[in-house]
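Peer 1: Structure below; questions to follow.
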Amino acid sequence: MPLLRGTFWTPSAFRTRLKIAVCLRAREPGETTGHTAGMTPMIGQSPAFVETVRLIERIARCDAPVLIEGETGTGKELAARAIHLGGNRCNGPFVPVNCGAVPADLVENELFGHKRGAFTDAHIEQLGLVAHARYGTLFLDEIDALSLKGQASLLRFFQDQHYRPLGGHESIKADVRLIAAANSDLSTLAERGAFRLDLLFRLRIMFVTLPPLRDRHGDVALLSQAFLRACHERFSLGEKAIHPDTLVWMNRYRWPGNIRELENLIYREYLLADTATICIDAPPGIGGSVLDGKGGLAPSMFVEDFRTAKSRAISEFEFRYLTHALNAANGNVSRAARLVGKERRAFGRLLKKHGIERV
């Protein structure tokens, strides 16, 4: 039986099946969390991930504006959808807008809409994204890419959630929850004058910073399995697994592109692999093991502090040992536990900790 099924639901199906106050339940360390936010599940068991899930759960309960910060590829839109689906607006629309793709001169038109005759080509009245998000959530992604003019327009709206369409004469009261996301550190941008400090204060009523994948120890294996299952369901090229040596360097790799980089890698290798076992060469500077093959530490290990290096070495040993034990027992967990002299439940917890599939 797989460790994690990774079920994929559409947002409407999710809301139908999930009639509770929050959509994320934090698990204890070592326990897998695989709740769905939108079309993709948020998956992880690392302490950093579990702590973030618990904060998202608390934030979802209130209706205040939220700022989500984190490196590119860490899943900020997934977190935003989780907050939306976990709050009392879950039955309303979730409207995402990429602020970086909106020209500076069109920000107010896109957000607030316009009346007929507001400008030369305004032949009909057009609702803005704020109106489309009524009773739901407006997600402002990449808000750090918004021009200073656009930031000024947002600031007025954030103050009292009143807006006026272009060409309109009456102020309209919006009824939306506002969630913003940024790839850059907004405090640093504010110090440089590239982001309005007063807008930052409005945004940071509630905020969460998503951890990068390199700080989510043990989650690479879980995410890889979920992506492999998604590939199998989508492309029907058979079930495939990642070679243990490949997982070793994957756990040590820094993943500058975070989860998105890992997902793209798994999809590519799944489609190109000719066998059921995927072997991926380590990037330059990343060895296949923390050991040099003679029982000593590889030179590259000394870029890490002692505690991290020790933890990673133990994790590699446990993963290899458990994998070999399962192979020797032909995938039978009970038999493998007897072979290594451990109680079956404890052995199962170790398998779960390292994201190793059970038969």
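Quick note on naming: the chains in the structure tokens go A, B, ... in the order shown, residues restart at 1 in each chain, and ligands are numbered from 1 in order of appearance.
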So that I can see what lies close to Arg177 of chain A, please list as a ChimeraX atom specification the residues with an atom at most 7 Å from it, counting only C-alpha atoms and leaving out residues fewer than 6 positions away in the same chain.

Peer 2: /A:63-65,136-138

Peer 1: So which bits of segment 28-251 of chain A end up strand (DSSP E) when you DSSP the backbone, as a count of residues only?

Peer 2: 44

Peer 1: List the spatial neighbours of segment 149-155 of chain A as a CSV table (one decimal) with N, CA and C atoms, in the first residue's frame - criterion: any atom at most 9 Å away, only C-alpha atoms, same-chain residues fewer than 6 positions off excluded.

Peer 2:
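Written out: around_21.csv:
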chain,number,residue,atom,x,y,z
A,104,ALA,N,1.5,49.1,-15.9
A,104,ALA,CA,1.2,50.1,-14.8
A,104,ALA,C,0.0,50.9,-15.1
A,105,ASP,N,-0.3,51.3,-16.4
A,105,ASP,CA,-1.4,52.1,-16.7
A,105,ASP,C,-2.7,51.4,-16.7
A,106,LEU,N,-2.7,50.1,-16.5
A,106,LEU,CA,-4.0,49.4,-16.6
A,106,LEU,C,-4.3,48.7,-15.2
A,107,VAL,N,-3.6,49.0,-14.2
A,107,VAL,CA,-3.8,48.4,-12.9
A,107,VAL,C,-5.2,48.7,-12.4
A,108,GLU,N,-5.6,50.0,-12.4
A,108,GLU,CA,-6.9,50.4,-11.8
A,108,GLU,C,-8.0,49.8,-12.7
A,143,ILE,N,3.1,40.7,-5.9
A,143,ILE,CA,2.8,42.1,-5.7
A,143,ILE,C,4.1,43.0,-5.6
A,195,PHE,N,9.2,49.9,-2.8
A,195,PHE,CA,7.9,49.4,-2.4
A,195,PHE,C,7.5,50.4,-1.3
A,196,ARG,N,6.2,50.7,-1.3
A,196,ARG,CA,5.6,51.7,-0.4
A,196,ARG,C,5.6,51.1,1.0
A,198,ASP,N,4.0,52.3,3.6
A,198,ASP,CA,2.6,52.3,4.2
A,198,ASP,C,1.8,51.1,3.6
A,199,LEU,N,2.0,50.7,2.4
A,199,LEU,CA,1.3,49.6,1.9
A,199,LEU,C,1.8,48.3,2.5
A,202,ARG,N,0.0,47.8,5.7
A,202,ARG,CA,-1.4,47.3,5.5
A,202,ARG,C,-1.4,45.9,5.2

Peer 1: Taking only C-alpha atoms into account, name the residue in A:Asn332, A:Ser315, A:Gln126, A:Asn183 that is nearest to Thr209 of chain A.

Peer 2: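 Among A:Asn332, A:Ser315, A:Gln126, A:Asn183, it is A:Asn183 that comes nearest to Thr209 of chain A.
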
Peer 1: With a distance cut-off of 8 Å and only C-alpha atoms, select the neighbouring residues of segment 241-243 of chain A, excluding the residue or stretch itself and same-chain residues fewer than 6 positions from it, and output the selection as a PyMOL selection string.

Peer 2: chain A and resi 225+228+276-279

Peer 1: Hey, can you check how far atom CA of Ser184 of chain A sits from atom CA of Ala221 of chain A?

Peer 2: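 Atom CA of Ala221 of chain A lies 27.4 Å from atom CA of Ser184 of chain A.
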
Peer 1: Mind listing the helix (DSSP H, G or I) residues of segment 167-351 of chain A, per DSSP on the backbone, as a ChimeraX atom specification?

Peer 2: /A:186-192,197-203,213-215,219-235,244-252,258-272,299-303,306-328,333-340,344-351

Peer 1: Please compute the atom CA of Pro165 of chain A-atom CA of Ala145 of chain A distance, one decimal, in Å.

Peer 2: 22.8 Å

Peer 1: Kindly indicate which residue among A:Cys99, A:Ile259, A:Leu166, A:Ala328 lies nearest to Gly128 of chain A, using only C-alpha atoms for the distances.

Peer 2: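 Answer, going by the shortest atom-to-atom distance: A:Leu166.
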
Peer 1: Given only C-alpha atoms as the basis, pick out the residue of A:Gly348, A:Gly86, A:Gly73, A:Pro211 nearest to Ile59 of chain A.

Peer 2: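 Going through A:Gly348, A:Gly86, A:Gly73, A:Pro211 one by one, the smallest distance to Ile59 of chain A is for A:Gly86.
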
Peer 1: So how far away is atom CA of Val53 of chain A from atom CA of Leu210 of chain A, in Å?

Peer 2: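 Answer for the atom CA of Leu210 of chain A to atom CA of Val53 of chain A separation: 9.5 Å.
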
Peer 1: Pick from A:Thr74, A:Phe119, A:Lys173, A:Ala182: nearest to Gly100 of chain A, with only C-alpha atoms counted?

Peer 2: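 Looking at the shortest contact to Gly100 of chain A, the residue is A:Ala182.
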